[in-house]
Structure formats: C-alpha cells, structure tokens
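A.B. asks: Input structure: entry.cif, which contains mmCIF, C-alpha atoms and all ligand atoms.
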data_coords
#
loop_
_atom_site.label_atom_id
_atom_site.label_comp_id
_atom_site.auth_asym_id
_atom_site.auth_seq_id
_atom_site.Cartn_x
_atom_site.Cartn_y
_atom_site.Cartn_z
CA MET U 228 -196.56 61.44 48.40
CA ASP U 229 -199.39 59.61 46.72
CA PHE U 230 -198.34 56.03 46.18
CA PRO U 231 -200.78 53.84 44.22
CA ALA U 232 -203.10 51.57 46.13
CA THR U 233 -201.04 48.36 46.22
CA SER U 234 -198.38 49.89 48.40
CA ARG U 235 -200.92 51.57 50.69
CA GLN U 236 -202.57 48.21 51.34
CA SER U 237 -199.31 46.73 52.56
CA PRO U 238 -197.21 49.50 53.98
CA LEU U 239 -193.79 48.08 53.13
CA ARG U 240 -190.72 49.64 51.62
CA PRO U 241 -191.60 49.40 47.93
CA CYS U 242 -189.19 46.73 46.72
CA TRP U 243 -190.86 43.40 46.02
CA ALA U 244 -190.95 40.40 43.69
CA GLU U 245 -194.23 39.24 42.19
CA ILE U 246 -194.28 35.49 41.62
CA ASP U 247 -196.68 34.31 38.95
CA THR U 248 -197.79 30.93 40.25
CA ALA U 249 -199.85 30.17 37.13
CA ALA U 250 -196.71 30.63 35.02
CA PHE U 251 -194.78 28.35 37.38
CA GLU U 252 -197.45 25.63 37.18
CA HIS U 253 -197.54 26.02 33.39
CA ASN U 254 -193.76 25.58 33.21
CA TYR U 255 -193.92 22.44 35.37
CA ARG U 256 -196.64 20.94 33.16
CA LEU U 257 -194.79 21.85 29.97
CA LEU U 258 -191.47 20.39 31.13
CA SER U 259 -192.92 17.26 32.70
CA SER U 260 -194.88 16.58 29.52
CA MET U 261 -191.63 16.94 27.55
CA ALA U 262 -190.08 14.40 29.93
CA GLY U 263 -193.00 12.08 29.25
CA PRO U 264 -195.16 9.93 31.50
CA ALA U 265 -192.50 7.21 31.87
CA CYS U 266 -190.19 9.71 33.56
CA ALA U 267 -190.59 11.14 37.06
CA SER U 268 -190.19 14.94 37.00
CA LEU U 269 -188.80 16.26 40.25
CA ALA U 270 -189.32 19.99 40.81
CA ILE U 271 -186.25 21.68 42.25
CA VAL U 272 -187.20 24.24 44.92
CA LYS U 273 -183.83 24.51 46.65
CA ALA U 274 -182.42 27.84 47.83
CA ASN U 275 -185.86 29.29 48.58
CA ALA U 276 -187.11 28.11 45.19
CA TYR U 277 -184.28 29.83 43.33
CA GLY U 278 -185.06 32.99 45.27
CA HIS U 279 -188.72 32.93 44.20
CA GLY U 280 -190.03 31.88 47.62
CA LEU U 281 -190.42 28.28 48.79
CA GLU U 282 -193.79 29.02 50.39
CA ILE U 283 -195.16 30.14 47.04
CA CYS U 284 -193.43 27.70 44.69
CA ALA U 285 -193.48 24.38 46.54
CA PRO U 286 -197.31 24.26 46.76
CA ALA U 287 -197.53 25.54 43.16
CA ALA U 288 -195.30 22.68 42.00
CA VAL U 289 -197.59 20.20 43.73
CA ARG U 290 -200.65 21.84 42.16
CA GLY U 291 -198.89 21.52 38.80
CA GLY U 292 -198.63 17.78 39.41
CA ALA U 293 -195.18 17.36 40.96
CA GLN U 294 -194.88 14.34 43.23
CA TRP U 295 -191.24 15.02 44.01
CA LEU U 296 -189.59 18.20 45.27
CA GLY U 297 -185.83 18.71 45.50
CA VAL U 298 -184.17 20.82 48.18
CA THR U 299 -180.58 21.32 49.30
CA SER U 300 -180.66 20.72 53.02
CA VAL U 301 -182.58 19.04 55.80
CA GLU U 302 -183.59 22.52 56.97
CA GLU U 303 -185.12 23.31 53.58
CA GLY U 304 -186.71 19.86 53.55
CA VAL U 305 -188.41 20.45 56.90
CA ALA U 306 -189.77 23.77 55.61
CA ALA U 307 -191.00 22.11 52.39
CA ARG U 308 -192.64 19.29 54.41
CA SER U 309 -194.72 21.76 56.40
CA LEU U 310 -195.97 23.25 53.11
CA CYS U 311 -196.46 20.00 51.19
CA PRO U 312 -197.50 17.18 53.55
CA SER U 313 -197.73 14.46 50.92
CA ALA U 314 -194.92 15.25 48.45
CA ARG U 315 -191.76 13.18 48.30
CA ILE U 316 -188.90 15.51 49.25
CA LEU U 317 -185.35 14.79 48.14
CA VAL U 318 -182.52 16.37 50.15
CA MET U 319 -179.76 16.68 47.58
CA GLY U 320 -176.91 18.43 49.33
CA GLY U 321 -176.02 15.77 51.85
CA LEU U 322 -176.87 15.12 55.41
CA PHE U 323 -174.78 16.70 58.14
CA PRO U 324 -173.85 15.03 61.42
CA GLY U 325 -176.81 15.03 63.79
CA GLN U 326 -179.47 15.48 61.09
CA ALA U 327 -180.62 11.88 60.66
CA ALA U 328 -183.47 12.10 63.21
CA ALA U 329 -184.85 15.23 61.56
CA THR U 330 -184.61 13.50 58.17
CA LEU U 331 -186.77 10.63 59.38
CA ALA U 332 -189.17 12.82 61.33
CA GLY U 333 -189.72 15.00 58.24
CA GLN U 334 -190.11 11.95 56.00
CA LEU U 335 -187.36 13.35 53.82
CA THR U 336 -185.46 11.26 51.32
CA PRO U 337 -181.73 11.86 51.56
CA VAL U 338 -179.14 11.67 48.82
CA VAL U 339 -176.26 9.70 50.35
CA TRP U 340 -172.75 8.67 49.40
CA GLU U 341 -170.56 8.93 52.54
CA PRO U 342 -170.36 5.97 54.94
CA TYR U 343 -170.96 8.32 57.89
CA GLN U 344 -174.25 9.40 56.33
CA LEU U 345 -175.31 5.76 56.04
CA GLY U 346 -174.25 5.11 59.63
CA GLU U 347 -176.22 8.02 61.07
CA LEU U 348 -179.30 7.16 59.04
CA GLU U 349 -179.13 3.46 59.92
CA ARG U 350 -178.98 4.25 63.64
CA ALA U 351 -181.86 6.72 63.42
CA ALA U 352 -183.97 4.30 61.36
CA GLU U 353 -183.30 1.44 63.79
CA ASP U 354 -184.31 3.68 66.72
CA ARG U 355 -187.66 4.24 65.03
CA ARG U 356 -187.92 0.69 63.66
CA ALA U 357 -188.38 2.31 60.27
CA THR U 358 -187.21 1.67 56.74
CA LEU U 359 -185.82 4.69 54.97
CA PRO U 360 -185.52 5.07 51.19
CA VAL U 361 -182.26 6.66 50.07
CA HIS U 362 -180.92 7.90 46.74
CA LEU U 363 -177.31 6.91 46.21
CA GLU U 364 -175.24 9.43 44.29
CA ILE U 365 -172.40 8.29 42.05
CA ASP U 366 -169.60 10.67 41.10
CA THR U 367 -169.37 10.25 37.35
CA GLY U 368 -167.06 13.17 36.71
CA MET U 369 -168.03 16.30 38.60
CA SER U 370 -165.78 15.54 41.58
CA ARG U 371 -168.16 17.28 43.91
CA GLN U 372 -170.34 14.77 45.70
CA GLY U 373 -171.13 11.09 45.14
CA ALA U 374 -169.39 7.77 45.64
CA ASN U 375 -166.42 6.70 43.52
CA LEU U 376 -166.77 3.55 41.49
CA ALA U 377 -164.02 2.02 43.64
CA ASP U 378 -166.04 2.54 46.83
CA LEU U 379 -169.33 1.50 45.31
CA PRO U 380 -169.24 -2.30 45.85
CA ALA U 381 -168.76 -1.86 49.61
CA ILE U 382 -171.63 0.64 49.85
CA LEU U 383 -173.90 -1.61 47.81
CA ALA U 384 -173.02 -4.65 49.91
CA ARG U 385 -173.90 -2.68 53.02
CA LEU U 386 -177.27 -1.63 51.57
CA ALA U 387 -177.95 -5.20 50.39
CA GLY U 388 -177.28 -6.49 53.90
CA ALA U 389 -179.32 -5.99 57.06
CA SER U 390 -179.51 -2.23 56.63
CA PRO U 391 -182.82 -0.45 57.33
CA LEU U 392 -181.99 1.76 54.36
CA ARG U 393 -183.66 0.91 51.06
CA LEU U 394 -181.90 1.88 47.86
CA GLU U 395 -184.63 3.66 45.90
CA ALA U 396 -182.61 5.46 43.26
CA ILE U 397 -179.22 5.67 41.67
CA MET U 398 -178.39 9.28 41.00
CA THR U 399 -175.67 11.27 39.33
CA HIS U 400 -175.27 14.92 38.36
CA LEU U 401 -174.21 15.98 34.89
CA TYR U 402 -171.69 18.79 34.96
CA ALA U 403 -171.86 20.05 31.37
CA SER U 404 -175.20 19.10 29.91
CA ASP U 405 -175.26 22.63 28.44
CA ASP U 406 -172.35 21.61 26.21
CA GLY U 407 -174.17 21.11 22.93
CA THR U 408 -171.73 18.46 21.68
CA GLY U 409 -172.90 16.07 24.42
CA GLU U 410 -169.36 14.71 24.83
CA THR U 411 -168.98 15.14 28.57
CA THR U 412 -172.41 13.68 29.22
CA ALA U 413 -171.58 10.65 27.07
CA ALA U 414 -168.47 10.04 29.19
CA GLN U 415 -170.49 10.45 32.40
CA LEU U 416 -173.16 8.05 31.20
CA ASP U 417 -170.48 5.45 30.36
CA LYS U 418 -169.27 5.67 33.93
CA LEU U 419 -172.83 5.51 35.22
CA GLU U 420 -173.41 2.36 33.18
CA ARG U 421 -170.44 0.73 34.91
CA ALA U 422 -171.91 1.75 38.26
CA LEU U 423 -175.25 0.23 37.27
CA GLY U 424 -173.41 -3.00 36.52
CA PHE U 425 -172.28 -3.11 40.17
CA VAL U 426 -175.86 -2.47 41.31
CA ALA U 427 -177.18 -5.28 39.10
CA ALA U 428 -174.60 -7.60 40.67
CA GLU U 429 -176.44 -7.24 44.01
CA PRO U 430 -179.76 -8.92 43.11
CA THR U 431 -181.47 -8.07 46.40
CA LEU U 432 -181.16 -4.38 45.61
CA ARG U 433 -184.07 -3.27 43.49
CA PRO U 434 -183.85 0.47 42.94
CA GLU U 435 -186.78 2.00 41.11
CA PHE U 436 -185.30 5.18 39.66
CA LEU U 437 -182.32 6.38 37.68
CA SER U 438 -182.09 10.05 38.64
CA VAL U 439 -180.02 11.93 36.06
CA GLY U 440 -180.24 15.28 34.35
CA ALA U 441 -181.38 18.82 35.04
CA SER U 442 -183.18 21.33 32.79
CA ALA U 443 -180.41 21.35 30.18
CA ALA U 444 -180.46 17.56 29.78
CA LEU U 445 -184.22 17.65 29.31
CA LEU U 446 -184.32 20.64 26.98
CA GLY U 447 -181.22 19.62 25.03
CA GLY U 448 -182.37 16.07 24.35
CA GLU U 449 -179.84 14.14 26.46
CA SER U 450 -182.80 12.76 28.37
CA ASP U 451 -183.30 10.35 25.43
CA GLN U 452 -179.95 8.66 26.13
CA ILE U 453 -180.69 8.65 29.85
CA ALA U 454 -184.06 6.99 29.24
CA ALA U 455 -182.39 4.34 27.08
CA LEU U 456 -179.84 3.59 29.80
CA ALA U 457 -182.58 3.40 32.43
CA LYS U 458 -184.55 1.00 30.28
CA ARG U 459 -181.56 -1.31 29.87
CA PHE U 460 -181.37 -1.66 33.65
CA ARG U 461 -185.14 -1.75 34.17
CA LEU U 462 -185.14 1.56 35.99
CA ARG U 463 -187.51 4.45 35.68
CA PRO U 464 -185.81 7.73 34.70
CA MET U 465 -186.15 10.73 36.98
CA VAL U 466 -185.23 14.22 35.77
CA ARG U 467 -184.54 17.02 38.24
CA ILE U 468 -185.90 20.24 36.77
CA GLY U 469 -184.77 23.59 38.16
CA ILE U 470 -184.20 26.72 36.10
CA GLY U 471 -186.77 25.84 33.44
CA LEU U 472 -189.53 25.93 36.06
CA TYR U 473 -188.60 29.54 36.70
CA GLY U 474 -189.08 30.35 33.03
CA VAL U 475 -185.47 30.38 31.88
CA ALA U 476 -184.17 28.04 29.17
CA PRO U 477 -180.48 27.26 29.68
CA ARG U 478 -178.05 28.38 26.99
CA PHE U 479 -175.91 25.81 25.22
CA ASN U 480 -172.26 26.44 24.50
CA PRO U 481 -171.26 25.29 21.95
CA PRO U 482 -174.81 25.25 20.57
CA LEU U 483 -176.70 21.98 20.24
CA ALA U 484 -175.20 20.01 17.39
CA ASP U 485 -178.39 18.08 16.60
CA PRO U 486 -180.80 20.33 14.63
CA LEU U 487 -183.82 18.38 15.85
CA HIS U 488 -182.86 19.00 19.47
CA ALA U 489 -182.08 22.64 18.70
CA ALA U 490 -185.56 23.07 17.22
CA LYS U 491 -187.16 21.40 20.25
CA LEU U 492 -185.18 23.65 22.59
CA ALA U 493 -186.24 26.78 20.70
CA GLN U 494 -189.86 25.68 20.80
CA ALA U 495 -189.82 24.89 24.51
CA GLY U 496 -187.89 28.09 25.27
CA ALA U 497 -190.60 30.12 23.56
CA GLN U 498 -193.30 28.37 25.59
CA LEU U 499 -191.70 28.85 29.01
CA LYS U 500 -193.23 31.75 30.92
CA PRO U 501 -191.27 34.11 33.16
CA VAL U 502 -192.29 33.70 36.80
CA LEU U 503 -190.65 36.53 38.70
CA THR U 504 -191.09 40.28 38.27
CA TRP U 505 -188.94 42.38 40.58
CA LYS U 506 -190.33 45.83 41.16
CA THR U 507 -189.81 49.04 43.05
CA ARG U 508 -191.27 52.55 42.99
CA ILE U 509 -189.70 55.93 42.44
CA THR U 510 -189.12 57.65 45.79
CA SER U 511 -188.20 61.09 44.52
CA VAL U 512 -187.45 62.94 41.32
CA ARG U 513 -184.98 65.80 40.87
CA SER U 514 -183.53 67.89 38.06
CA ILE U 515 -179.81 68.60 38.03
CA PRO U 516 -177.67 71.00 35.99
CA ALA U 517 -174.74 69.94 33.81
CA GLY U 518 -171.62 69.24 35.88
CA THR U 519 -173.47 67.58 38.81
CA GLN U 520 -171.98 64.41 40.27
CA ILE U 521 -174.18 61.43 41.07
CA GLY U 522 -173.67 58.88 43.84
CA TYR U 523 -170.62 57.77 45.83
CA ASN U 524 -167.32 59.10 44.47
CA GLY U 525 -169.11 60.94 41.68
CA THR U 526 -168.44 58.20 39.15
CA PHE U 527 -171.11 59.77 36.93
CA VAL U 528 -170.99 63.48 36.09
CA ALA U 529 -173.88 64.99 34.14
CA THR U 530 -172.72 66.57 30.87
CA GLU U 531 -176.10 68.24 30.36
CA PRO U 532 -179.18 68.94 32.49
CA MET U 533 -180.80 65.70 33.64
CA ARG U 534 -183.81 64.38 35.48
CA LEU U 535 -183.09 61.70 38.04
CA ALA U 536 -185.30 59.21 39.86
CA LEU U 537 -184.29 57.81 43.23
CA LEU U 538 -185.11 54.13 43.83
CA PRO U 539 -185.27 52.43 47.25
CA ILE U 540 -183.24 49.45 46.10
CA GLY U 541 -179.54 48.75 46.36
CA TYR U 542 -176.96 46.02 46.39
CA ALA U 543 -178.24 44.84 49.77
CA ASP U 544 -181.42 43.88 47.92
CA GLY U 545 -179.44 41.88 45.39
CA LEU U 546 -179.02 44.50 42.66
CA ASP U 547 -175.42 43.73 41.74
CA ARG U 548 -173.15 46.72 42.41
CA ARG U 549 -171.22 45.86 39.25
CA LEU U 550 -174.24 47.08 37.27
CA SER U 551 -173.44 50.66 38.33
CA ASN U 552 -173.28 52.93 35.26
CA ARG U 553 -173.77 49.97 32.91
CA PHE U 554 -177.32 48.70 33.09
CA SER U 555 -180.84 50.00 32.73
CA LEU U 556 -184.18 49.25 34.34
CA LEU U 557 -187.72 49.83 33.10
CA ALA U 558 -189.62 53.01 33.89
CA GLY U 559 -192.60 54.30 31.92
CA GLY U 560 -192.29 51.24 29.66
CA GLN U 561 -188.76 52.20 28.56
CA ARG U 562 -185.19 51.44 29.51
CA ALA U 563 -183.75 53.98 31.94
CA PRO U 564 -180.00 53.84 32.70
CA LEU U 565 -178.63 53.41 36.22
CA VAL U 566 -176.34 56.35 36.85
CA GLY U 567 -173.68 56.65 39.54
CA ARG U 568 -172.74 53.88 41.92
CA ILE U 569 -175.47 51.61 43.21
CA SER U 570 -175.55 52.18 46.98
CA MET U 571 -176.38 49.60 49.61
CA ASP U 572 -180.04 50.62 49.78
CA GLN U 573 -180.57 53.06 46.93
CA ALA U 574 -179.93 53.58 43.25
CA VAL U 575 -180.48 56.43 40.81
CA LEU U 576 -182.02 56.24 37.34
CA ASP U 577 -181.64 58.67 34.48
CA ILE U 578 -185.21 59.50 33.41
CA THR U 579 -184.33 62.54 31.31
CA GLU U 580 -185.83 60.90 28.21
CA ILE U 581 -188.99 59.65 29.94
CA PRO U 582 -191.45 62.46 30.61
CA GLY U 583 -194.13 62.41 33.25
CA LEU U 584 -192.56 60.15 35.88
CA ALA U 585 -193.34 61.10 39.45
CA PRO U 586 -192.80 59.59 42.89
CA GLY U 587 -194.81 56.39 43.25
CA GLU U 588 -194.29 55.29 39.64
CA GLU U 589 -193.45 51.60 39.29
CA VAL U 590 -190.00 50.59 38.06
CA VAL U 591 -189.20 47.06 36.92
CA ILE U 592 -185.79 45.73 37.84
CA LEU U 593 -186.32 42.30 36.30
CA GLY U 594 -189.32 41.32 34.22
CA SER U 595 -191.55 43.17 31.78
CA GLN U 596 -193.31 46.48 31.72
CA GLY U 597 -195.53 47.01 28.70
CA ALA U 598 -193.69 45.69 25.67
CA ALA U 599 -190.22 46.08 27.21
CA SER U 600 -188.44 43.54 29.36
CA VAL U 601 -185.28 43.00 31.37
CA THR U 602 -184.42 39.32 31.64
CA ALA U 603 -182.38 37.32 34.12
CA TYR U 604 -179.88 36.75 31.31
CA ASP U 605 -179.65 40.54 30.79
CA HIS U 606 -178.70 40.91 34.46
CA ALA U 607 -176.35 37.93 34.33
CA ASP U 608 -174.54 39.06 31.20
CA ALA U 609 -174.03 42.56 32.53
CA SER U 610 -172.67 41.39 35.88
CA GLY U 611 -170.66 38.40 34.67
CA THR U 612 -172.76 35.63 36.16
CA VAL U 613 -175.65 33.24 35.44
CA PRO U 614 -179.44 33.53 35.94
CA TRP U 615 -179.30 31.07 38.88
CA ASP U 616 -177.08 33.55 40.73
CA VAL U 617 -179.18 36.58 39.74
CA PHE U 618 -182.32 35.00 41.19
CA THR U 619 -180.80 33.59 44.37
CA ARG U 620 -179.06 36.83 45.30
CA ILE U 621 -182.39 38.70 45.56
CA ALA U 622 -182.26 39.42 49.27
CA ALA U 623 -184.56 38.04 51.94
CA ARG U 624 -185.80 41.55 52.74
CA VAL U 625 -187.41 41.78 49.28
CA ALA U 626 -190.99 40.59 49.84
CA ARG U 627 -192.17 37.76 47.56
CA ILE U 628 -195.81 38.09 46.59
CA GLY U 629 -197.46 35.12 44.91
CA ARG U 630 -200.31 35.61 42.49
CA ALA U 631 -201.68 33.75 39.52
CA THR U 632 -201.58 36.18 36.61
CA ALA U 633 -200.52 34.16 33.56
CA GLY U 634 -203.07 34.01 30.77
C1 LIG I 1 -179.88 22.46 41.17
C2 LIG I 1 -179.84 21.06 40.74
C3 LIG I 1 -180.60 20.63 39.64
C4 LIG I 1 -181.41 21.55 38.76
O1 LIG I 1 -180.59 22.23 37.84
P1 LIG I 1 -181.19 23.26 36.75
O2 LIG I 1 -180.04 23.44 35.82
O3 LIG I 1 -181.52 24.51 37.47
O4 LIG I 1 -182.35 22.62 36.12
C5 LIG I 1 -180.60 19.27 39.36
N1 LIG I 1 -179.88 18.40 40.11
C6 LIG I 1 -179.11 18.80 41.14
C7 LIG I 1 -178.33 17.80 41.91
C8 LIG I 1 -179.06 20.14 41.49
O5 LIG I 1 -178.31 20.51 42.52
#
Could you rewrite the structure in this file as structure tokens?

C.D. replies:
Amino acid sequence: MDFPATSRQSPLRPCWAEIDTAAFEHNYRLLSSMAGPACASLAIVKANAYGHGLEICAPAAVRGGAQWLGVTSVEEGVAARSLCPSARILVMGGLFPGQAAATLAGQLTPVVWEPYQLGELERAAEDRRATLPVHLEIDTGMSRQGANLADLPAILARLAGASPLRLEAIMTHLYASDDGTGETTAAQLDKLERALGFVAAEPTLRPEFLSVGASAALLGGESDQIAALAKRFRLRPMVRIGIGLYGVAPRFNPPLADPLHAAKLAQAGAQLKPVLTWKTRITSVRSIPAGTQIGYNGTFVATEPMRLALLPIGYADGLDRRLSNRFSLLAGGQRAPLVGRISMDQAVLDITEIPGLAPGEEVVILGSQGAASVTAYDHADASGTVPWDVFTRIAARVARIGRATAG
C-alpha cells in the first residue's frame, strides 16, 4: 500500500488531529481584544485543552498573549506549569485532600470555597512560610461549587485574619449565559453583588479581580454588565474563555434579544478560526453486490452495488457510535455516509458516488477538506450532545499534531 509521505514519516496508525496553533493564537487575540484591555482574559486549557492537546495549546495561548491559564485539577496545573513557567495558572475544579503542597510547589492558584480547602492550603503555606493567592468562588445559582452567601462572612473573616492566603479574586460561574434573554445571568449578578457587599465590609481584603463569564458571556455582551459591576467595587474584570479559543462560537437559545449584541456575535463568530482537523486514511476499498450486509448485526444492507472504504477509526477513538448510519465524513472533498455500525476501531464509508478513492486517501472526520466541512456542531447535533463533549471525547490514542497553518 502506498500511503502518502506524511504517514511514512511517522509510522503511526493513521488517525490523528492536526491543531492549527496560528488559528488558536488568532482566536485568543480576537477574543481578548473583544474583552478589552481593562479585562484580564484567562485562556481555558482544561481537559487537555478541550481535547486539542495541552502541550500544543498552553504555549500557544501564552504566545497569543495570555497571562492566565485555567485548568481543572492540580494534576493538569502541574502539567501546564512545566510547559508555561511564567503563566498564572488557575485550578478551577477544587483542591482534593493532600494536594495543597503540590499546589504551592507548582505555583498554582486554586479556586477555593470549602473550609477544608482553606485549612489544607493554610497549613501548606505556613510550612513554606509563603503567601498564596486564592480565588474564592461564590455559588450564585448553579449549585455546583462555590460558597453560599450564608457561609461567606465566616470565610471572609478567616481570610481577613492571620491567614497566609491572600484573596486575589472573587469568582462565580454563570450557568446559562447562552440564554439570550439574559434573565438568569441578571439574577446571578444580583446575588454576586450581595456577595461583593460582604467582601467590601472586610476592608483589609483587597481582591484585584472579579472573575465572571465564559465565552458566551463575552460573545453575547453580558461582559458589559459584569464590567460595570466590577467597576462599582473597584475590581478588574476577568473573563474565562474556553470554547471560543477552539474556534466555536456558542449558540444562544433563545437567541440574543439585543440586536446589537446579536450583530457583534455574528461578526465575531465569522472571525473565529477552526483549530482542530481530525483525519484518517482509507485502509482498504471494496465493491459489494446488492444484498450485502455491512458491519455488526448487518444494520445496513446494500440495495444496489456499492463501493466501500474501510477507515481505521472507531468509537474507541471518540467517533460516537450513535453516528452509525446517520452521519457522513469527508472523502475526495465530498460528504460520504457512514454505513453499518461504527465498530470499536473501524468504520465503513459509502464512497459509491466518489470515484477514484484508493487506500491511503485522506478522510476528514471533523474539519474541512476543500470547500466542504464537518463542524463540531454537526457532530454534536447528530449525536445529541455539545461541541465541548465532541472535542473532549477524542481519545488519547489519537495523536495531536501542532502546526501553524492559518493564513
Ligand atoms: C470550562 C469553564 C469555562 C469556559 O467555558 P466556555 O463556555 O468553554 O468558554 C469558564 N469557567 C469555568 C469555571 C469553566 O469550568
């Protein structure tokens, strides 16, 4: 079999994701300029940079100008630290028992809200005679993580006391900033304002940042209200940008009510560049007569003669099995339907309508080929999920290859 040069240079199973670092840097610059110079733009690289590869994306974010990176866990933070020695790294998912020493050693900045987290961090900081900045999360309505308003005064009094922890930011997470009416966010910001009143009542606490909002808040215009609230309390806004960096504009449901914001969203959406292209190569091609069954349990039966291409990619690579018989990939610059059940490690494409395809030919699972493209939303809609899930389910065994290709 004569596979083109790229696969001969690196003799791997041909199933890989190309990560366009120039597109990623462009997206960071675009989004941080939308946020404006008064706002700190934290680049979210949690979950292996949304499946795009931390090793590729964290340094690219820093090259794009990011001073802050956001990860989920101390483990991810330690990995990001080794890649980006001078970035600030926010650990957003909480600190687990026994992880305080690693947090300090990695110069990570933890999001905190539980008294046990404060206790562990205080002991570890005292051991090192160090001061540790922390970001305090407030639960303003998501009921996931963050301190309740009722518990807040005690936490603030503790931080205002002899604690080696320094309150650097007040943070909350918006749970429906993709609701174009903005109603849930307004209610969350009201609650946040009450929390900020408690903070202001402890004059020795001087947090610098108000960390609120993800891509949807920035792209949908809620960041204006957040900036106004920050200003009232003399805080600097910080926005935590995830999915937009990876080239996907969130969808709003119901759509944005404000036409000005809708126009801004459309404009930014058109300027974001896709970052990831997931590819494979045809392993073998066969012709089958009418009546032939394809794949496990013969869920597809050919009604006429067909040409089939075998692909070395399956649900173990992250190609959702629910796409069996109901999705198409790109081969020869055209859509080619997946036929039969997607197997663990293989899938079959109908290439009857695409002449000239042979083993070694590139197939695009997600991304563009010529003028055609398959987007993360196409995958998500067909499998009943969201782009975040489509990206993060791309398996570890799929090699990520970084290269700067954006024009
Ligand atoms: C993942 C995450 C974000 C980024 O969300 P996007 O919608 O992908 O921009 C922001 N803040 C927190 C706390 C998160 O966990």

A.B. asks: Residues within 7 Å of ligand LIG 1 (chain I), counting all atoms listed in the file: report them as an MDAnalysis selection string.

C.D. replies: chainID U and resid 271 319 400 440:443 467:471

A.B. asks: Could you produce a table of the residues of segment 441-513 of chain U lying within 12 Å of segment 552-562 of chain U, with the nearest pair of atoms per residue and their separation in Å rounded to one decimal, using all atoms listed in the file, ordered by chain and increasing residue number, as a tab-separated table?

C.D. replies:
residue	atom	partner	partner_atom	distance
U:Thr504	CA	U:Leu557	CA	11.4
U:Trp505	CA	U:Leu556	CA	10.4
U:Lys506	CA	U:Leu557	CA	9.4
U:Thr507	CA	U:Ala558	CA	10.0
U:Arg508	CA	U:Ala558	CA	9.3
U:Ile509	CA	U:Ala558	CA	9.0

A.B. asks: So that I can see what lies close to Pro464 of chain U, please list as an NGL selection string the residues with an atom at most 8 Å from it, counting only C-alpha atoms and leaving out residues fewer than 5 positions away in the same chain.

C.D. replies: :U and (265-267 or 436-439 or 453-454 or 457)

A.B. asks: Taking into account all atoms listed in the file, which residue in the set U:Thr519, U:Gln573, U:Thr336, U:Ser511 is nearest to Ile540 of chain U?

C.D. replies: U:Gln573

A.B. asks: Which residue is closest to Asp406 of chain U? Choose from U:Val361, U:Leu483, U:Leu503, U:Leu269 and count only C-alpha atoms.

C.D. replies: U:Leu483

A.B. asks: Would you work out the distance separating atom CA of Ala414 of chain U from atom CA of His362 of chain U, expressed in Å to one decimal?

C.D. replies: 21.6 Å

A.B. asks: Can you tell me how far atom CA of Glu303 of chain U sits from atom CA of Pro324 of chain U, in Å to one decimal?

C.D. replies: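 Taking atom CA of Glu303 of chain U and atom CA of Pro324 of chain U, their separation equals 16.0 Å.
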
A.B. asks: Quick one: residues within 10 Å of segment 326-328 of chain U, all atoms listed in the file, excluding same-chain residues fewer than 3 positions away - as a ChimeraX atom specification?

C.D. replies: /U:300-302,321-323,331-335,337,344-352,354-355

A.B. asks: In Å to one decimal, how far is atom CA of Ala285 of chain U from atom CA of Gly297 of chain U?

C.D. replies: 9.6 Å

A.B. asks: Here is a test: counting all atoms listed in the file, which residue of U:Ser595, U:Ser259, U:Gln372, U:Thr330 is nearest to Glu245 of chain U?

C.D. replies: U:Ser595

A.B. asks: Using only C-alpha atoms, determine which residues lie at most 12 Å from Gln520 of chain U, disregarding the query and same-chain residues fewer than 2 positions distant; provide the list as a short mmCIF file (atom, residue, chain, number, x, y, z; two decimals) with C-alpha atoms, keeping the file's coordinate frame.

C.D. replies:
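Generated output (selection-v5.cif):
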data_model
loop_
_atom_site.label_atom_id
_atom_site.label_comp_id
_atom_site.auth_asym_id
_atom_site.auth_seq_id
_atom_site.Cartn_x
_atom_site.Cartn_y
_atom_site.Cartn_z
CA ILE U 515 -179.81 68.60 38.03
CA PRO U 516 -177.67 71.00 35.99
CA ALA U 517 -174.74 69.94 33.81
CA GLY U 518 -171.62 69.24 35.88
CA GLY U 522 -173.67 58.88 43.84
CA TYR U 523 -170.62 57.77 45.83
CA ASN U 524 -167.32 59.10 44.47
CA GLY U 525 -169.11 60.94 41.68
CA THR U 526 -168.44 58.20 39.15
CA PHE U 527 -171.11 59.77 36.93
CA VAL U 528 -170.99 63.48 36.09
CA ALA U 529 -173.88 64.99 34.14
CA THR U 530 -172.72 66.57 30.87
CA GLU U 531 -176.10 68.24 30.36
CA PRO U 532 -179.18 68.94 32.49
CA MET U 533 -180.80 65.70 33.64
CA LEU U 535 -183.09 61.70 38.04
CA VAL U 566 -176.34 56.35 36.85
CA GLY U 567 -173.68 56.65 39.54
CA ARG U 568 -172.74 53.88 41.92
CA VAL U 575 -180.48 56.43 40.81
#

A.B. asks: With a distance cut-off of 10 Å and only C-alpha atoms, select the neighbouring residues of Ile382 of chain U, excluding the residue or stretch itself and same-chain residues fewer than 2 positions from it, and output the selection as a list in words.

C.D. replies: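 My list of contacting residues is Trp340, Glu341, Pro342, Leu345, Leu363, Ala374, Ala377, Asp378, Leu379, Pro380, Ala384, Arg385, Leu386, Ala387 and Gly388 of chain U.
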
A.B. asks: Restricting the calculation to all atoms listed in the file: of U:Pro241, U:Leu257, U:Tyr402, U:Met465, which residue gets closest to Leu296 of chain U?

C.D. replies: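 Of U:Pro241, U:Leu257, U:Tyr402, U:Met465, the one nearest Leu296 of chain U is U:Met465, counting all atoms listed in the file.
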
A.B. asks: Which residues are close to Ala493 of chain U, i.e. within 12 Å by all atoms listed in the file, leaving aside same-chain residues fewer than 5 positions away? Reply as a compact mmCIF listing (two decimals) with C-alpha atoms, in the coordinates of the input.

C.D. replies:
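out06.txt was written with the following content:
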# COMPACT_ATOMS: atom_id res chain seq x y z
CA LEU U 446 -184.32 20.64 26.98
CA GLY U 447 -181.22 19.62 25.03
CA GLY U 448 -182.37 16.07 24.35
CA VAL U 475 -185.47 30.38 31.88
CA ALA U 476 -184.17 28.04 29.17
CA PRO U 477 -180.48 27.26 29.68
CA ARG U 478 -178.05 28.38 26.99
CA PHE U 479 -175.91 25.81 25.22
CA PRO U 482 -174.81 25.25 20.57
CA LEU U 483 -176.70 21.98 20.24
CA PRO U 486 -180.80 20.33 14.63
CA LEU U 487 -183.82 18.38 15.85
CA HIS U 488 -182.86 19.00 19.47
CA GLN U 498 -193.30 28.37 25.59
CA LEU U 499 -191.70 28.85 29.01

A.B. asks: Of the candidates U:Leu462, U:Gln415, U:Ala306, U:Asp405, which one gets nearest to Asn480 of chain U if we count only C-alpha atoms?

C.D. replies: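 Checking each candidate against Asn480 of chain U, we get U:Asp405 as the closest.
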
A.B. asks: So, counting only C-alpha atoms, which residue among U:Ser390, U:Ala262, U:Val502, U:Glu364 is closest to Asp451 of chain U?

C.D. replies: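 With only C-alpha atoms as the atom set, the closest residue is U:Ala262.
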